[in-house]
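A short worksheet on the structure shown next.
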Amino acid sequence: MIAEETLVAQLKDKENQAKAFEVLVNTYKERLYWHIRRIVMNHDDSDDVLQNTFIKVFRNIENFKGESKLYSWMYRIATNEALSFLKAKSRKLGQSSEALQETLVNQLESDVYFEGDEIQLKLQKAIATLPEKQKLIFNMRYFQELKYDEISDILDTSVGGLKASYHLAAKKIQSYLKED
Amino acid sequence: MDKKYKKEGFTVPDGYFEGLNKRLQGRLDEDDLVLPKEDGFAVPDGYFDSLQDKLNSRLGEAEESRVIKLNPWKKYYLVAASVAALIVIVIGFRLGQPEEFTFSDLANAELESYLNENDLGLTSYEIAEVLPVEEIEVNDILDNDLNEENIIDYLDENVEDLYELNIEYNE
């Protein structure tokens with residue numbers, strides 16, 4: 001596994017850029033994909049957003065100063081790209097963001113790339129009712145098992161705030177799942 | 001109950017401590033909802049393997065379009081150079097003939113440059129008095145190269161709830 005500083009230096013160097021980019025994509029594509037997928041739900045949209053994320057990372061690598069981890073920086077770009085995508089989609093459909101969440105989660109049942117069972121579908125519906133930030137925090141902590149420190153770097157929120165949000169999100173999901 | 005606590009005067013119901021463990025376990029079971037660990041999302045076969053190629057072609061296309069854009073600029077420079085040469089020739093010709101130089105002979109760019117670089121000693125009010133305001137529109141002064149997408153992106157980043165703006169959507 002290449003050291004982060006070395007990878008960043010190679011990405012900034014025209015000679016080594018192309019090869020370094022392949023290493024970057026290979027290393028982070030799955031983690032970033034699933035993070036995006038849990039936000040936008042649909043595979044094709046996730047593919048678009050993931051590609052946009054990597055292109056943006058490539059084009060802006062000169063602006064990466066190493067003040068945070070490369071991974072946190074990329075995650076932040078991916079999150080912003082996914083959320084912007086959803087905003088644009090809700091504008092295009094003339095729906096509020098809450099209504100769009102409901103639409104997207106209802107489409108999962110007939111989505112060929114959703115293989116979850118009844119309880120997994122219900123869990124997605126529960127998550128879809130959460131406010132945007134709580135949903136992000138829940139997904140990152142519960143499914144991706146990121147540490148609170150890592151989530152704090154990405155979302156620029158205190159660890160205490162994250163723990164509170166996660167606890168609240170978990171409670172709301174539990175209430176939703178207990179209802180029939 | 002342990003004898004040492006009887007001294008304080010407090011007592012508990014019979015069997016309280018014996019039953020405590022069972023009661024706690026019951027509460028934990030109630031609160032402990034088992035959530036599925038997998039989210040259920042799946043990807044098409046070979047998706048991750050094909051991603052790099054897709055990215056490379058997108059970056060390759062972007063590079064090509066940047067190269068193509070250079071050519072028109074070369075033509076513009078040639079045209080601009082020819083026009084500049086013509087102007088120099090014309091001015092040289094006219095300078096040979098004594099003529100009264102009027103305002104209409106000055107290019108707008110030269111006027112603007114003069115006004116920007118020199119302090120005329122005029123206040124805004126004095127300038128406003130001679131400016132024909134009724135005939136001027138904002139677009140006469142400002143270059144409007146904003147397209148709708150730029151406006152929407154700006155609003156998106158700076159306005160929390162777009163619905164506050166009461167924008168009507170043409171579907």
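Chain identifiers are assigned as A, B, and so on, following the order in which chains appear in the structure tokens; residues are numbered from 1 within each chain, and ligands are numbered from 1 in order of appearance.
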
Set the cut-off to 9 Å and count only C-alpha atoms: what are the residues of chain A that reach chain B? Output as an MDAnalysis selection string.
chainID A and resid 18 22 25:26 29:30 34 37:38 41:43 47 51:52 54:55 84 87:88 91:94 96 112:117 119:121 123:124 142:143 174 177:178

Tell me which protein, DNA and RNA residues are within 10 Å of Ser158 (chain A), counting only C-alpha atoms, leaving out same-chain ones fewer than 6 positions away, and put them as a PyMOL selection string.
chain A and resi 148-149+151-152+164

Give me, as a PDB file with N, CA and C atoms, in the first residue's frame, all polymer residues having an atom no more than 10 Å from Asn106 (chain A), counting only C-alpha atoms and skipping those fewer than 3 positions away in the same chain.
```pdb
ATOM      1  N   LEU A 100     -38.549  13.375  -2.289  1.00  0.00           N
ATOM      2  CA  LEU A 100     -37.625  12.634  -3.151  1.00  0.00           C
ATOM      3  C   LEU A 100     -37.076  11.401  -2.445  1.00  0.00           C
ATOM      4  N   GLN A 101     -36.733  11.554  -1.152  1.00  0.00           N
ATOM      5  CA  GLN A 101     -36.244  10.409  -0.375  1.00  0.00           C
ATOM      6  C   GLN A 101     -37.249   9.270  -0.409  1.00  0.00           C
ATOM      7  N   GLU A 102     -38.525   9.648  -0.236  1.00  0.00           N
ATOM      8  CA  GLU A 102     -39.583   8.638  -0.227  1.00  0.00           C
ATOM      9  C   GLU A 102     -39.686   7.960  -1.602  1.00  0.00           C
ATOM     10  N   THR A 103     -39.615   8.770  -2.652  1.00  0.00           N
ATOM     11  CA  THR A 103     -39.661   8.224  -4.013  1.00  0.00           C
ATOM     12  C   THR A 103     -38.521   7.233  -4.232  1.00  0.00           C
ATOM     13  N   GLU A 109     -37.834  -1.433  -4.170  1.00  0.00           N
ATOM     14  CA  GLU A 109     -38.516  -2.721  -4.258  1.00  0.00           C
ATOM     15  C   GLU A 109     -38.421  -3.318  -5.654  1.00  0.00           C
ATOM     16  N   SER A 110     -38.521  -2.438  -6.664  1.00  0.00           N
ATOM     17  CA  SER A 110     -38.492  -2.937  -8.036  1.00  0.00           C
ATOM     18  C   SER A 110     -37.111  -2.756  -8.652  1.00  0.00           C
ATOM     19  N   ASP A 111     -36.135  -2.349  -7.856  1.00  0.00           N
ATOM     20  CA  ASP A 111     -34.784  -2.100  -8.381  1.00  0.00           C
ATOM     21  C   ASP A 111     -34.030  -3.420  -8.500  1.00  0.00           C
ATOM     22  N   LEU A 121     -35.280  -3.868   3.456  1.00  0.00           N
ATOM     23  CA  LEU A 121     -36.041  -2.830   2.773  1.00  0.00           C
ATOM     24  C   LEU A 121     -36.659  -1.881   3.803  1.00  0.00           C
ATOM     25  N   GLN A 124     -34.106   0.451   5.138  1.00  0.00           N
ATOM     26  CA  GLN A 124     -33.839   1.551   4.201  1.00  0.00           C
ATOM     27  C   GLN A 124     -34.947   2.601   4.277  1.00  0.00           C
ATOM     28  N   LYS A 125     -36.186   2.150   4.433  1.00  0.00           N
ATOM     29  CA  LYS A 125     -37.303   3.090   4.540  1.00  0.00           C
ATOM     30  C   LYS A 125     -37.186   3.899   5.824  1.00  0.00           C
ATOM     31  N   ALA A 128     -34.487   6.466   5.389  1.00  0.00           N
ATOM     32  CA  ALA A 128     -34.925   7.538   4.483  1.00  0.00           C
ATOM     33  C   ALA A 128     -35.742   8.622   5.195  1.00  0.00           C
TER      34      ALA A 128
END
```

From the set A:Tyr166, A:Ile154, A:Gln95, A:Val159, which residue has the shortest atom-to-atom contact distance to Ile127 (chain A), counting only C-alpha atoms?
A:Tyr166
